[in-house]
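J.: Provided below: coords.cif, containing mmCIF, C-alpha atoms.
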data_start
loop_
_atom_site.group_PDB
_atom_site.id
_atom_site.type_symbol
_atom_site.label_atom_id
_atom_site.label_comp_id
_atom_site.auth_asym_id
_atom_site.auth_seq_id
_atom_site.Cartn_x
_atom_site.Cartn_y
_atom_site.Cartn_z
ATOM 1 C CA MET D 1 99.550 104.438 113.148
ATOM 2 C CA VAL D 2 96.007 103.499 112.234
ATOM 3 C CA SER D 3 94.567 100.029 112.807
ATOM 4 C CA SER D 4 92.124 98.011 110.744
ATOM 5 C CA ASP D 5 89.517 98.561 113.479
ATOM 6 C CA THR D 6 90.024 102.316 113.052
ATOM 7 C CA LEU D 7 89.525 101.955 109.303
ATOM 8 C CA LYS D 8 86.280 100.072 109.888
ATOM 9 C CA THR D 9 85.077 102.791 112.240
ATOM 10 C CA LEU D 10 85.910 105.549 109.754
ATOM 11 C CA LEU D 11 84.080 103.695 107.011
ATOM 12 C CA LEU D 12 81.049 103.392 109.279
ATOM 13 C CA LEU D 13 81.278 107.147 109.891
ATOM 14 C CA GLY D 14 81.035 107.697 106.147
ATOM 15 C CA TYR D 15 84.609 108.808 105.464
ATOM 16 C CA ASN D 16 86.157 108.288 102.045
ATOM 17 C CA ILE D 17 89.346 106.290 102.553
ATOM 18 C CA VAL D 18 92.050 107.342 100.098
ATOM 19 C CA ALA D 19 94.999 105.462 101.595
ATOM 20 C CA ILE D 20 95.607 103.339 104.640
ATOM 21 C CA GLN D 21 98.626 101.667 106.208
ATOM 22 C CA GLY D 22 98.831 98.064 105.021
ATOM 23 C CA SER D 23 97.331 97.636 101.562
ATOM 24 C CA PHE D 24 94.582 99.199 99.515
ATOM 25 C CA VAL D 25 93.400 99.423 95.962
ATOM 26 C CA THR D 26 92.754 102.671 94.129
ATOM 27 C CA ASN D 27 92.443 103.175 90.373
ATOM 28 C CA HIS D 28 93.321 99.478 89.942
ATOM 29 C CA GLN D 29 96.826 100.015 91.311
ATOM 30 C CA HIS D 30 97.764 97.899 94.312
ATOM 31 C CA VAL D 31 99.724 100.136 96.679
ATOM 32 C CA VAL D 32 101.286 98.826 99.856
ATOM 33 C CA SER D 33 103.080 100.502 102.711
ATOM 34 C CA SER D 34 105.283 98.332 104.877
ATOM 35 C CA GLY D 35 105.368 100.995 107.547
ATOM 36 C CA THR D 36 105.133 104.520 106.201
ATOM 37 C CA ASN D 37 101.944 106.080 107.560
ATOM 38 C CA LEU D 38 99.800 106.603 104.454
ATOM 39 C CA PHE D 39 96.555 107.555 106.148
ATOM 40 C CA GLN D 40 94.256 110.085 104.492
ATOM 41 C CA VAL D 41 90.507 110.606 104.520
ATOM 42 C CA GLY D 42 88.269 112.795 102.446
ATOM 43 C CA GLY D 43 86.644 115.790 104.052
ATOM 44 C CA THR D 44 87.757 118.883 105.926
ATOM 45 C CA LYS D 45 90.408 119.060 108.626
ATOM 46 C CA LYS D 46 87.692 119.961 111.133
ATOM 47 C CA ALA D 47 85.751 116.823 110.246
ATOM 48 C CA ASP D 48 88.919 114.721 110.458
ATOM 49 C CA ASN D 49 89.689 116.066 113.929
ATOM 50 C CA LYS D 50 86.131 115.295 114.985
ATOM 51 C CA ALA D 51 86.511 111.715 113.762
ATOM 52 C CA MET D 52 89.808 111.217 115.590
ATOM 53 C CA SER D 53 88.310 112.642 118.803
ATOM 54 C CA PHE D 54 85.493 110.119 118.509
ATOM 55 C CA LEU D 55 87.957 107.265 117.958
ATOM 56 C CA LYS D 56 89.970 108.271 121.030
ATOM 57 C CA LYS D 57 86.782 108.451 123.092
ATOM 58 C CA ILE D 58 85.794 104.876 122.210
ATOM 59 C CA GLY D 59 89.329 103.585 122.693
ATOM 60 C CA ARG D 60 90.154 102.827 119.050
ATOM 61 C CA VAL D 61 93.334 104.915 119.127
ATOM 62 C CA GLY D 62 95.733 105.911 121.906
ATOM 63 C CA GLY D 63 96.440 104.377 125.299
ATOM 64 C CA ALA D 64 98.164 101.209 124.039
ATOM 65 C CA ARG D 65 101.070 101.445 126.481
ATOM 66 C CA ASN D 66 98.764 100.848 129.443
ATOM 67 C CA VAL D 67 97.653 97.428 128.184
ATOM 68 C CA ASP D 68 99.418 94.134 128.863
ATOM 69 C CA PHE D 69 100.194 92.748 125.414
ATOM 70 C CA THR D 70 102.279 89.752 126.516
ATOM 71 C CA ASN D 71 101.517 86.867 124.120
ATOM 72 C CA SER D 72 99.438 89.214 121.976
ATOM 73 C CA MET D 73 98.881 88.984 118.234
ATOM 74 C CA GLY D 74 99.783 92.618 117.741
ATOM 75 C CA VAL D 75 98.234 95.222 115.524
ATOM 76 C CA ASP D 76 98.077 95.130 111.745
ATOM 77 C CA GLU D 77 100.402 98.083 111.177
ATOM 78 C CA GLY D 78 103.983 97.211 110.322
ATOM 79 C CA PRO D 79 107.312 98.828 111.172
ATOM 80 C CA ALA D 80 108.666 101.929 109.474
ATOM 81 C CA GLY D 81 109.592 101.085 105.919
ATOM 82 C CA LYS D 82 109.142 101.742 102.225
ATOM 83 C CA THR D 83 106.121 101.718 99.944
ATOM 84 C CA TYR D 84 105.751 98.931 97.376
ATOM 85 C CA TYR D 85 103.795 98.987 94.125
ATOM 86 C CA ALA D 86 102.368 95.803 92.660
ATOM 87 C CA THR D 87 102.907 95.147 88.968
ATOM 88 C CA LYS D 88 99.378 93.891 88.313
ATOM 89 C CA LYS D 89 95.785 94.599 89.271
ATOM 90 C CA SER D 90 94.414 93.174 92.496
ATOM 91 C CA GLU D 91 91.873 91.044 90.638
ATOM 92 C CA SER D 92 94.716 89.360 88.739
ATOM 93 C CA PHE D 93 95.943 87.588 91.865
ATOM 94 C CA PRO D 94 94.433 84.101 92.301
ATOM 95 C CA ILE D 95 92.064 83.596 95.224
ATOM 96 C CA CYS D 96 93.919 81.484 97.760
ATOM 97 C CA THR D 97 90.918 79.321 98.627
ATOM 98 C CA GLU D 98 90.423 78.412 94.970
ATOM 99 C CA SER D 99 94.061 77.549 94.285
ATOM 100 C CA GLY D 100 94.782 76.389 97.833
ATOM 101 C CA VAL D 101 97.968 78.477 97.789
ATOM 102 C CA ILE D 102 98.466 81.463 100.082
ATOM 103 C CA ASP D 103 102.079 81.921 99.008
ATOM 104 C CA ASP D 104 104.561 79.855 97.010
ATOM 105 C CA LEU D 105 106.984 82.778 96.520
ATOM 106 C CA SER D 106 106.196 83.016 92.808
ATOM 107 C CA GLU D 107 105.578 86.770 93.188
ATOM 108 C CA SER D 108 108.346 89.292 93.828
ATOM 109 C CA TYR D 109 108.920 90.134 97.490
ATOM 110 C CA PRO D 110 107.002 91.214 99.564
ATOM 111 C CA PHE D 111 103.858 90.137 97.684
ATOM 112 C CA THR D 112 102.217 86.754 98.214
ATOM 113 C CA THR D 113 100.878 84.547 95.448
ATOM 114 C CA SER D 114 97.354 85.552 96.495
ATOM 115 C CA GLY D 115 98.089 89.291 96.527
ATOM 116 C CA GLY D 116 98.798 89.883 100.200
ATOM 117 C CA VAL D 117 101.958 91.517 101.504
ATOM 118 C CA TRP D 118 104.374 90.063 104.033
ATOM 119 C CA ALA D 119 105.466 92.423 106.792
ATOM 120 C CA GLY D 120 107.759 91.932 109.756
ATOM 121 C CA ILE D 121 106.082 93.173 112.938
ATOM 122 C CA SER D 122 107.354 93.342 116.502
ATOM 123 C CA ASP D 123 105.880 94.300 119.855
ATOM 124 C CA ARG D 124 107.391 97.804 119.416
ATOM 125 C CA VAL D 125 104.063 98.812 117.836
ATOM 126 C CA MET D 126 102.654 98.578 121.378
ATOM 127 C CA GLY D 127 105.579 99.673 123.529
ATOM 128 C CA GLY D 128 107.771 96.541 123.625
ATOM 129 C CA VAL D 129 111.446 96.378 122.694
ATOM 130 C CA SER D 130 111.644 93.226 120.559
ATOM 131 C CA SER D 131 113.190 93.670 117.108
ATOM 132 C CA ALA D 132 112.271 92.080 113.774
ATOM 133 C CA LYS D 133 113.038 92.295 110.085
ATOM 134 C CA ILE D 134 111.913 90.209 107.133
ATOM 135 C CA GLY D 135 113.408 89.707 103.705
ATOM 136 C CA ARG D 136 113.817 87.300 100.780
ATOM 137 C CA GLU D 137 116.847 85.010 101.094
ATOM 138 C CA THR D 138 118.131 81.641 99.888
ATOM 139 C CA ILE D 139 118.292 78.999 102.634
ATOM 140 C CA LEU D 140 119.912 75.650 101.772
ATOM 141 C CA GLY D 141 119.274 76.279 98.095
ATOM 142 C CA ARG D 142 115.633 77.233 98.593
ATOM 143 C CA GLU D 143 114.170 80.724 98.176
ATOM 144 C CA ALA D 144 112.392 81.842 101.342
ATOM 145 C CA ASN D 145 110.958 84.747 103.274
ATOM 146 C CA VAL D 146 113.074 84.960 106.412
ATOM 147 C CA LEU D 147 112.110 86.518 109.752
ATOM 148 C CA ARG D 148 115.115 87.548 111.849
ATOM 149 C CA GLY D 149 115.034 89.238 115.215
ATOM 150 C CA THR D 150 115.066 89.053 118.980
ATOM 151 C CA VAL D 151 112.099 88.537 121.300
ATOM 152 C CA SER D 152 112.234 90.437 124.587
ATOM 153 C CA LEU D 153 109.705 90.346 127.425
ATOM 154 C CA ASP D 154 110.575 93.862 128.584
ATOM 155 C CA ASN D 155 107.818 96.497 128.682
ATOM 156 C CA ASN D 156 105.096 93.839 128.547
ATOM 157 C CA GLY D 157 106.252 92.770 125.105
ATOM 158 C CA GLY D 158 107.139 89.331 123.868
ATOM 159 C CA PHE D 159 106.648 88.648 120.146
ATOM 160 C CA ILE D 160 107.844 89.158 116.608
ATOM 161 C CA GLN D 161 106.070 87.888 113.497
ATOM 162 C CA MET D 162 105.755 87.826 109.745
ATOM 163 C CA ALA D 163 102.143 88.453 108.750
ATOM 164 C CA THR D 164 100.000 89.017 105.684
ATOM 165 C CA ASP D 165 96.392 89.478 104.654
ATOM 166 C CA LEU D 166 94.920 86.657 102.576
ATOM 167 C CA THR D 167 93.602 88.929 99.823
ATOM 168 C CA PRO D 168 94.850 92.083 98.054
ATOM 169 C CA VAL D 169 91.976 94.083 99.535
ATOM 170 C CA PRO D 170 92.214 94.872 103.261
ATOM 171 C CA LEU D 171 89.502 93.770 105.713
ATOM 172 C CA THR D 172 88.116 91.149 103.323
ATOM 173 C CA THR D 173 87.941 87.446 104.171
ATOM 174 C CA VAL D 174 88.203 84.113 102.372
ATOM 175 C CA ASP D 175 86.158 80.947 102.862
ATOM 176 C CA ALA D 176 88.564 78.109 103.692
ATOM 177 C CA SER D 177 85.897 75.790 105.109
ATOM 178 C CA LYS D 178 86.474 73.139 102.421
ATOM 179 C CA TYR D 179 90.004 72.641 103.734
ATOM 180 C CA ASP D 180 91.206 70.875 106.882
ATOM 181 C CA GLY D 181 93.996 73.224 107.901
ATOM 182 C CA LEU D 182 97.224 74.976 106.972
ATOM 183 C CA GLU D 183 100.436 73.499 105.576
ATOM 184 C CA LEU D 184 103.739 75.378 105.825
ATOM 185 C CA ASP D 185 107.279 74.781 104.548
ATOM 186 C CA LEU D 186 109.540 75.958 107.380
ATOM 187 C CA TRP D 187 113.202 76.119 108.423
ATOM 188 C CA CYS D 188 114.736 77.643 111.539
ATOM 189 C CA GLU D 189 117.924 78.077 113.532
ATOM 190 C CA ALA D 190 117.920 77.127 117.222
ATOM 191 C CA SER D 191 120.139 75.575 119.878
ATOM 192 C CA SER D 192 117.417 73.207 121.083
ATOM 193 C CA ALA D 193 116.333 69.946 119.446
ATOM 194 C CA MET D 194 112.923 71.424 118.566
ATOM 195 C CA GLU D 195 111.686 75.001 118.398
ATOM 196 C CA SER D 196 108.125 76.206 118.990
ATOM 197 C CA PHE D 197 106.344 78.859 116.943
ATOM 198 C CA ASN D 198 102.737 80.020 116.710
ATOM 199 C CA ILE D 199 100.385 80.434 113.794
ATOM 200 C CA HIS D 200 97.835 83.194 114.403
ATOM 201 C CA LEU D 201 94.710 83.662 112.312
ATOM 202 C CA ARG D 202 92.330 86.585 112.389
ATOM 203 C CA THR D 203 88.629 86.572 111.513
ATOM 204 C CA PRO D 204 85.825 89.150 111.923
ATOM 205 C CA ALA D 205 85.247 87.688 115.414
ATOM 206 C CA CYS D 206 88.568 89.205 116.541
ATOM 207 C CA SER D 207 87.127 92.403 117.946
ATOM 208 C CA ARG D 208 90.377 93.899 119.231
ATOM 209 C CA GLN D 209 93.775 94.427 117.650
ATOM 210 C CA PHE D 210 95.363 91.801 119.888
ATOM 211 C CA SER D 211 92.666 89.143 119.397
ATOM 212 C CA SER D 212 93.499 86.068 117.312
ATOM 213 C CA TYR D 213 93.099 82.318 116.928
ATOM 214 C CA ARG D 214 96.345 80.549 117.814
ATOM 215 C CA ALA D 215 97.994 77.193 117.328
ATOM 216 C CA THR D 216 101.528 76.090 118.208
ATOM 217 C CA LEU D 217 103.779 74.028 115.947
ATOM 218 C CA GLN D 218 107.198 72.413 116.364
ATOM 219 C CA VAL D 219 110.085 72.898 113.930
ATOM 220 C CA GLU D 220 113.295 70.857 113.921
ATOM 221 C CA PRO D 221 116.198 73.293 113.403
ATOM 222 C CA GLY D 222 118.573 73.104 110.480
ATOM 223 C CA LYS D 223 116.419 71.410 107.861
ATOM 224 C CA TRP D 224 113.431 72.160 105.686
ATOM 225 C CA GLN D 225 110.217 70.448 106.728
ATOM 226 C CA THR D 226 106.515 70.588 105.946
ATOM 227 C CA VAL D 227 104.281 71.124 108.966
ATOM 228 C CA ARG D 228 100.492 70.788 109.031
ATOM 229 C CA VAL D 229 98.247 72.643 111.466
ATOM 230 C CA PRO D 230 94.606 71.435 111.504
ATOM 231 C CA PHE D 231 91.904 74.059 111.957
ATOM 232 C CA PRO D 232 90.557 72.453 115.201
ATOM 233 C CA ALA D 233 93.930 73.240 116.814
ATOM 234 C CA PHE D 234 93.253 76.994 116.678
ATOM 235 C CA VAL D 235 92.099 78.439 120.002
ATOM 236 C CA GLY D 236 90.697 81.933 120.428
ATOM 237 C CA HIS D 237 92.551 84.538 122.512
ATOM 238 C CA GLY D 238 91.394 88.033 123.311
ATOM 239 C CA PRO D 239 88.014 89.781 123.072
ATOM 240 C CA GLY D 240 85.673 88.209 120.549
ATOM 241 C CA ALA D 241 87.929 85.295 119.658
ATOM 242 C CA SER D 242 88.008 83.767 123.153
ATOM 243 C CA THR D 243 84.203 83.437 123.195
ATOM 244 C CA THR D 244 83.707 82.466 119.544
ATOM 245 C CA LYS D 245 84.705 79.171 117.952
ATOM 246 C CA PHE D 246 87.144 79.502 115.074
ATOM 247 C CA ASP D 247 85.264 79.719 111.760
ATOM 248 C CA PRO D 248 87.384 78.855 108.703
ATOM 249 C CA SER D 249 84.726 80.283 106.395
ATOM 250 C CA ALA D 250 85.860 83.850 107.156
ATOM 251 C CA VAL D 251 89.636 84.111 107.543
ATOM 252 C CA ARG D 252 91.351 87.427 106.921
ATOM 253 C CA ARG D 253 94.964 87.327 108.052
ATOM 254 C CA ILE D 254 97.774 84.946 109.021
ATOM 255 C CA GLY D 255 100.806 85.527 111.217
ATOM 256 C CA ILE D 256 103.805 83.237 111.806
ATOM 257 C CA VAL D 257 104.908 84.197 115.281
ATOM 258 C CA ALA D 258 107.792 83.779 117.730
ATOM 259 C CA ILE D 259 106.176 84.555 121.067
ATOM 260 C CA GLY D 260 106.107 84.309 124.827
ATOM 261 C CA ARG D 261 109.782 83.881 125.783
ATOM 262 C CA GLU D 262 113.086 85.601 125.184
ATOM 263 C CA MET D 263 114.809 84.176 122.121
ATOM 264 C CA ASP D 264 116.863 84.936 119.044
ATOM 265 C CA VAL D 265 114.868 84.124 115.926
ATOM 266 C CA THR D 266 115.789 83.023 112.428
ATOM 267 C CA LEU D 267 112.694 81.528 110.842
ATOM 268 C CA ALA D 268 112.200 80.922 107.121
ATOM 269 C CA GLN D 269 109.072 79.971 105.193
ATOM 270 C CA ALA D 270 109.054 78.846 101.575
ATOM 271 C CA GLY D 271 105.354 78.084 101.199
ATOM 272 C CA VAL D 272 102.015 78.515 102.942
ATOM 273 C CA ARG D 273 98.855 76.796 101.718
ATOM 274 C CA PHE D 274 95.652 75.087 102.744
ATOM 275 C CA TYR D 275 95.431 71.294 102.782
ATOM 276 C CA LYS D 276 92.815 68.577 102.589
ATOM 277 C CA SER D 277 93.351 65.270 104.388
#
Can you turn what I pasted into structure tokens?
T.:
Amino acid sequence: MVSSDTLKTLLLLGYNIVAIQGSFVTNHQHVVSSGTNLFQVGGTKKADNKAMSFLKKIGRVGGARNVDFTNSMGVDEGPAGKTYYATKKSESFPICTESGVIDDLSESYPFTTSGGVWAGISDRVMGGVSSAKIGRETILGREANVLRGTVSLDNNGGFIQMATDLTPVPLTTVDASKYDGLELDLWCEASSAMESFNIHLRTPACSRQFSSYRATLQVEPGKWQTVRVPFPAFVGHGPGASTTKFDPSAVRRIGIVAIGREMDVTLAQAGVRFYKS
């Protein structure tokens, strides 16, 4: 599977991107793959092979199983799945930093209100054995996107997540600097009195696939609750992010993550938005 960093590299090499895993826009039709590898570039097969050889040489593809990805954000590619087609043009989706709403579930699954696409992702994309799936369900009378799965620490793994870009167009960012943080409507199942989950954000400073800005939140099992996460709570992890302060003026992607310990996960979200104090 091909990462967003690989896409950036190919664009820098002058390749014409026709389709890419995740989401893209072509002829005003928003096409999304939740896992099927839809990677094509313009040019000859010889040129394509040359590009892939270059990417392997600089470490953009291959060799992931030799890296310790415990507590990692994970790559942007999702699990094997189907292709979805949006019913409207990408420019018809409201910009989340203008409306304040990333997702209120007003769009049909798996699309967000702001034109992103929710995907369930596990550490299997990098050699782990955790399992995850995501779908639209009704929890206590409320429609929600629900992440179900099991986190395992085997094979240097240790996470599952639901994640989405913040715009319909991949690799683009939004300026959320006028807001104070994120607000989420969450519900979970757990045997403990409180359960911990992470919120991971990605910006252009995240120079590797496993780099992210992370904050931890607590959820009381068995009931819906609204949880706020202020931007100063996000701490950088991984190359680029660990040496650069989080900048809310250029946010690209959000992940809601169960991470770092073995656990069974049932986590539902019914809304994600920015807030002002």
J.: One decimal, in Å: what's the spacing between atom CA of Ser92 of chain D and atom CA of Val227 of chain D?
T.: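 The value is 28.9 Å.
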J.: Which polymer residues have any atom within 7 Å of an atom of segment 216-226 of chain D, counting all atoms listed in the file, with same-chain residues fewer than 6 positions away left out, as a list in words?
T.: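 The filter keeps Glu183, Leu184, Asp185, Leu186, Trp187, Cys188, Glu189, Ala190, Ala193, Met194, Glu195, Ser196, Phe197, Asn198 and Ile199 of chain D.
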J.: Provide the atom CA of Ser114 of chain D to atom CA of Ser131 of chain D distance in Å, to one decimal place.
T.: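 These atoms are spaced 27.2 Å apart.
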J.: So how far away is atom CA of Ala132 of chain D from atom CA of Ser152 of chain D, in Å?
T.: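 If I compute the distance from atom CA of Ser152 of chain D to atom CA of Ala132 of chain D, I get 10.9 Å.
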J.: Which of these residues is nearest to Gly116 of chain D, using all atoms listed in the file: D:Asp154, D:Glu98, D:Asp165, D:Glu262?
T.: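 Comparing D:Asp154, D:Glu98, D:Asp165, D:Glu262 against Gly116 of chain D, the winner is D:Asp165.
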J.: Pick from D:Pro168, D:Tyr109, D:Asp175, D:Arg273: nearest to Val146 of chain D, with only C-alpha atoms counted?
T.: D:Tyr109
J.: (97.8, 89.2, 97.4) in this file's frame - what residues fall within 10 Å of it? Use all atoms listed in the file and give the answer as a PyMOL selection string.
T.: chain D and resi 23+30+86+89-96+102-103+107+110-118+164-170
J.: Starting from the shown file, work through the PyMOL selection byres ((chain D and resi 265) around 6) and note down what comes out as a ChimeraX atom specification.
T.: /D:148-150,264,266
J.: Expanded to explicit residues, what is the PyMOL selection byres ((chain D and resi 157) around 6) for this file, as a list of chain:residue names?
T.: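 Given this file, the PyMOL selection byres ((chain D and resi 157) around 6) evaluates to D:Thr70, D:Asp123, D:Gly128, D:Leu153, D:Asp154, D:Asn155, D:Asn156, D:Gly158.
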J.: Point out the residue among D:Val174, D:Ala205, D:Met162, D:Ala241 with the least atom-to-atom distance to Gly255 of chain D, counting all atoms listed in the file.
T.: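 Closest residue, counting all atoms listed in the file: D:Met162.
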J.: Taking all atoms listed in the file into account, which of D:Phe246, D:Phe159, D:Tyr179, D:Phe210 comes nearest Ser130 of chain D?
T.: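 The shortest atom-to-atom distance to Ser130 of chain D comes from D:Phe159.
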J.: For this file, the PyMOL selection byres ((chain D and resi 180) around 6) selects which residues, as a PyMOL selection string?
T.: chain D and resi 179+181+230+275-276
J.: I need the residue nearest Met263 of chain D from this list: D:Lys88, D:Arg214, D:Val151, D:Leu201. Use all atoms listed in the file for the distance.
T.: D:Val151
J.: Near Leu147 of chain D, within 6 Å and counting only C-alpha atoms, which residues show up once chain neighbours fewer than 6 positions away are dropped, as a list in words?
T.: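 Surrounding residues, per the criterion: Lys133, Ile134, Thr266 and Leu267 of chain D.
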J.: Please provide as a list in words all residues within 9 Å of Glu143 of chain D, with the sequence filter that same-chain residues fewer than 5 positions apart are discarded (counting all atoms listed in the file).
T.: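 Neighbouring residues, sequence-local ones excluded: Leu105, Arg136, Glu137, Thr138, Gln269 and Ala270 of chain D.
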J.: With C-alpha atoms kept, could you save the residues just selected as a short mmCIF file (atom, residue, chain, number, x, y, z; two decimals), in the frame of the given file?
T.:
data_model
loop_
_atom_site.label_atom_id
_atom_site.label_comp_id
_atom_site.auth_asym_id
_atom_site.auth_seq_id
_atom_site.Cartn_x
_atom_site.Cartn_y
_atom_site.Cartn_z
CA LEU D 105 106.98 82.78 96.52
CA ARG D 136 113.82 87.30 100.78
CA GLU D 137 116.85 85.01 101.09
CA THR D 138 118.13 81.64 99.89
CA GLN D 269 109.07 79.97 105.19
CA ALA D 270 109.05 78.85 101.58
#
J.: With all atoms listed in the file as the atoms that count, which of D:Gly260, D:Gly127, D:Asp247, D:Ala215 lies nearest to Ala233 of chain D?
T.: D:Ala215
